[in-house]
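First comes the structure, then the notes that go with it.
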Amino acid sequence: MSHDPSMSDSTNINGNLVVPESTRFALVAGRFNTFVVERLIEGAVDALTRHGAKADRIVTVRVPGSWEIPVVCGRLARSKQFDGIVALGAVIRGGTPHFEYVAAEVTKGLAATMLETQVPIGFGVLTTDSIEQAIERAGTKAGNKGFDAAMAVIEMVSLGCALGTAGY
Ligand code: INI
């Protein structure tokens with residue numbers, strides 16, 4: 001294997017998938033398409049607890065639909081009570097443009113909230129063309145996007161600690 005000095009001199013900062021002691025998480029979940037979203041919640045809790053989160057340090061807040069997720073994520077993030085948040089919802093295309101508006105606004109709202117508050121927010125909001133596609137992503141053949149979003153939050157929380165240790 002060749003040796004590249006420029007690589008060995010570089011600094012790498014990474015998060016890992018170990019939940020730091022006493023980390024607090026919030027899940028914010030839409031009740032719309034509840035059959036799918038409850039599976040996403042299960043996946044997210046599974047990911048968090050399997051990687052060391054304490055169940056009594058996970059708070060789940062349910063809102064009417066995905067439209068309402070960003071405002072509650074913002075409130076929880078600004079409360080400074082949570083190290084990471086997982087947003088969970090299922091926006092499924094119907095016959096009207098409603099889907100486009102809800103999907104676009106939840107996406108933009110969560111991105112803006114994460115940038116403003118600097119609290120990691122995992123994006124576990126499905127935007128699918130059909131109920132079948134949503135079910136596939138909620139614990140069946142295409143995995144569980146709630147689990148995946150929670151894993152990303154664990155990594156970001158850990159990365160935040162590593163960046164802090166490095167003085168950034
Ligand atoms: N909310 C969803 O989470 N998923 C959807 O598919 C959906 N559709 O298609 O209408 C949806 N609508 C409700 C919306 O999120 C709000 O709760 C509602 O408009 C009240 O503000």
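Here, A, B, ... name the chains of the structure tokens in the order displayed, residue numbers run from 1 inside each chain, and ligands are numbered from 1 in the same displayed order.
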
Report as a PyMOL selection string all protein, DNA and RNA residues lying within 9 Å of Leu163 in chain A, evaluated on only C-alpha atoms, omitting residues in the same chain fewer than 6 positions from it. chain A and resi 13-15

Neighbours of ligand 1 within 9 Å, counting only C-alpha atoms and all ligand atoms, as a PyMOL selection string? chain A and resi 29-34+37+63-69+88-94+96-100+102-103+106+125-128

Counting only C-alpha atoms, closest pick from A:Met151, A:Ala138, A:Val18, A:Ala166 relative to Glu42 in chain A is A:Ala138

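DSSP secondary structure from the backbone places Ile121, Gly122, Phe123, Gly124, Val125, Leu126, Thr127, Thr128, Ala138, Gly139, Thr140, Gly143 and Asn144 of chain A of range 106-160 of chain A in strand (DSSP E).
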
So what do you get for CA of Leu159 in chain A versus CA of Asn12 in chain A, distance-wise? 11.2 Å

Residues near Gly43 in chain A, anyone? I mean within 12 Å using only C-alpha atoms, not counting same-chain ones fewer than 3 positions away, as a VMD selection string. chain A and resid 27 36 to 40 46 to 50 86 88 124 137 to 140 143 to 151

Could you save those same residues with C-alpha atoms as a PDB file, in the first residue's frame?
ATOM      1  CA  LEU A  27     -38.923  12.632  18.467  1.00  0.00           C
ATOM      2  CA  VAL A  36     -46.697   4.274   8.831  1.00  0.00           C
ATOM      3  CA  VAL A  37     -45.436   6.898  11.277  1.00  0.00           C
ATOM      4  CA  GLU A  38     -45.805   4.616  14.312  1.00  0.00           C
ATOM      5  CA  ARG A  39     -43.418   2.189  12.581  1.00  0.00           C
ATOM      6  CA  LEU A  40     -40.970   5.059  12.027  1.00  0.00           C
ATOM      7  CA  ASP A  46     -34.829   1.088  18.428  1.00  0.00           C
ATOM      8  CA  ALA A  47     -31.828   2.881  16.896  1.00  0.00           C
ATOM      9  CA  LEU A  48     -31.431   5.229  19.850  1.00  0.00           C
ATOM     10  CA  THR A  49     -31.723   2.647  22.622  1.00  0.00           C
ATOM     11  CA  ARG A  50     -29.577   0.048  20.829  1.00  0.00           C
ATOM     12  CA  VAL A  86     -35.725  13.181  15.013  1.00  0.00           C
ATOM     13  CA  LEU A  88     -40.893  11.629  11.668  1.00  0.00           C
ATOM     14  CA  GLY A 124     -37.302  10.929   8.919  1.00  0.00           C
ATOM     15  CA  ARG A 137     -39.625   2.463   4.032  1.00  0.00           C
ATOM     16  CA  ALA A 138     -41.247   1.959   7.427  1.00  0.00           C
ATOM     17  CA  GLY A 139     -39.759  -1.350   8.450  1.00  0.00           C
ATOM     18  CA  THR A 140     -40.308  -3.631   5.487  1.00  0.00           C
ATOM     19  CA  GLY A 143     -35.583  -0.589   5.725  1.00  0.00           C
ATOM     20  CA  ASN A 144     -36.873   1.871   8.267  1.00  0.00           C
ATOM     21  CA  LYS A 145     -36.233   5.569   7.628  1.00  0.00           C
ATOM     22  CA  GLY A 146     -37.004   6.384  11.252  1.00  0.00           C
ATOM     23  CA  PHE A 147     -34.121   4.133  12.285  1.00  0.00           C
ATOM     24  CA  ASP A 148     -31.856   5.732   9.655  1.00  0.00           C
ATOM     25  CA  ALA A 149     -32.745   9.285  10.701  1.00  0.00           C
ATOM     26  CA  ALA A 150     -32.058   8.472  14.359  1.00  0.00           C
ATOM     27  CA  MET A 151     -28.668   6.996  13.422  1.00  0.00           C
TER      28      MET A 151
END

Give me, please, the distance in Å between CA of Thr117 in chain A and CA of Val72 in chain A, quoted to one decimal. 12.6 Å

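Selecting helix (DSSP H, G or I) from the backbone DSSP output for range 112-157 of chain A yields Ala112, Thr113, Met114, Leu115, Glu116, Thr117, Ile131, Glu132, Gln133, Ala134, Ile135, Glu136, Lys145, Gly146, Phe147, Asp148, Ala149, Ala150, Met151, Ala152, Val153, Ile154, Glu155, Met156 and Val157 of chain A.
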
With N, CA and C atoms retained, could you export that selection as a compact mmCIF listing (two decimals), in the first residue's frame?
# COMPACT_ATOMS: atom_id res chain seq x y z
N ALA A 112 -34.22 24.91 7.88
CA ALA A 112 -34.04 26.24 8.47
C ALA A 112 -33.89 26.15 9.98
N THR A 113 -34.69 25.29 10.60
CA THR A 113 -34.66 25.17 12.06
C THR A 113 -33.32 24.60 12.52
N MET A 114 -32.83 23.61 11.81
CA MET A 114 -31.54 23.02 12.22
C MET A 114 -30.42 24.04 12.07
N LEU A 115 -30.43 24.80 10.98
CA LEU A 115 -29.38 25.80 10.79
C LEU A 115 -29.47 26.91 11.83
N GLU A 116 -30.69 27.32 12.13
CA GLU A 116 -30.87 28.42 13.09
C GLU A 116 -30.47 27.99 14.50
N THR A 117 -30.90 26.80 14.91
CA THR A 117 -30.70 26.40 16.31
C THR A 117 -29.41 25.62 16.52
N ILE A 131 -48.81 4.69 -0.86
CA ILE A 131 -48.80 4.10 0.49
C ILE A 131 -47.86 2.89 0.51
N GLU A 132 -47.80 2.17 -0.62
CA GLU A 132 -46.91 1.00 -0.68
C GLU A 132 -45.45 1.42 -0.50
N GLN A 133 -45.05 2.50 -1.18
CA GLN A 133 -43.67 2.99 -1.02
C GLN A 133 -43.40 3.41 0.41
N ALA A 134 -44.40 4.01 1.05
CA ALA A 134 -44.22 4.45 2.44
C ALA A 134 -44.03 3.23 3.35
N ILE A 135 -44.86 2.22 3.16
CA ILE A 135 -44.76 1.00 4.00
C ILE A 135 -43.40 0.32 3.80
N GLU A 136 -42.93 0.33 2.55
CA GLU A 136 -41.62 -0.28 2.27
C GLU A 136 -40.50 0.39 3.07
N LYS A 145 -36.85 4.23 7.71
CA LYS A 145 -36.23 5.57 7.63
C LYS A 145 -36.24 6.28 8.98
N GLY A 146 -37.07 5.83 9.90
CA GLY A 146 -37.00 6.38 11.25
C GLY A 146 -35.72 5.94 11.93
N PHE A 147 -35.39 4.67 11.76
CA PHE A 147 -34.12 4.13 12.29
C PHE A 147 -32.96 4.90 11.68
N ASP A 148 -32.97 5.07 10.35
CA ASP A 148 -31.86 5.73 9.65
C ASP A 148 -31.69 7.19 10.12
N ALA A 149 -32.82 7.88 10.29
CA ALA A 149 -32.75 9.29 10.70
C ALA A 149 -32.18 9.39 12.12
N ALA A 150 -32.58 8.47 12.98
CA ALA A 150 -32.06 8.47 14.36
C ALA A 150 -30.56 8.18 14.37
N MET A 151 -30.11 7.28 13.51
CA MET A 151 -28.67 7.00 13.42
C MET A 151 -27.89 8.24 13.02
N ALA A 152 -28.44 8.99 12.08
CA ALA A 152 -27.76 10.22 11.64
C ALA A 152 -27.68 11.22 12.79
N VAL A 153 -28.72 11.27 13.60
CA VAL A 153 -28.71 12.19 14.75
C VAL A 153 -27.67 11.75 15.78
N ILE A 154 -27.60 10.44 16.03
CA ILE A 154 -26.56 9.96 16.96
C ILE A 154 -25.19 10.39 16.48
N GLU A 155 -24.94 10.20 15.20
CA GLU A 155 -23.62 10.58 14.66
C GLU A 155 -23.39 12.08 14.80
N MET A 156 -24.40 12.88 14.53
CA MET A 156 -24.24 14.34 14.62
C MET A 156 -24.04 14.82 16.06
N VAL A 157 -24.71 14.16 17.01
CA VAL A 157 -24.50 14.51 18.42
C VAL A 157 -23.05 14.20 18.80

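When CA of Cys161 in chain A is paired with CA of Pro70 in chain A, their separation reads 24.5 Å.
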
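If only C-alpha atoms are the atoms counted, then among A:Ala44, A:Ala53, A:Ala104, A:Val61 the closest residue to Pro20 in chain A is A:Ala53.
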
For Ser22 in chain A, the closest of A:Ala87, A:Ala162, A:Ala55, A:Cys73 counting only C-alpha atoms is A:Ala55

I need the residue nearest Arg57 in chain A from this list: A:Phe35, A:Tyr101, A:Phe123, A:Phe25. Use only C-alpha atoms for the distance. A:Phe25
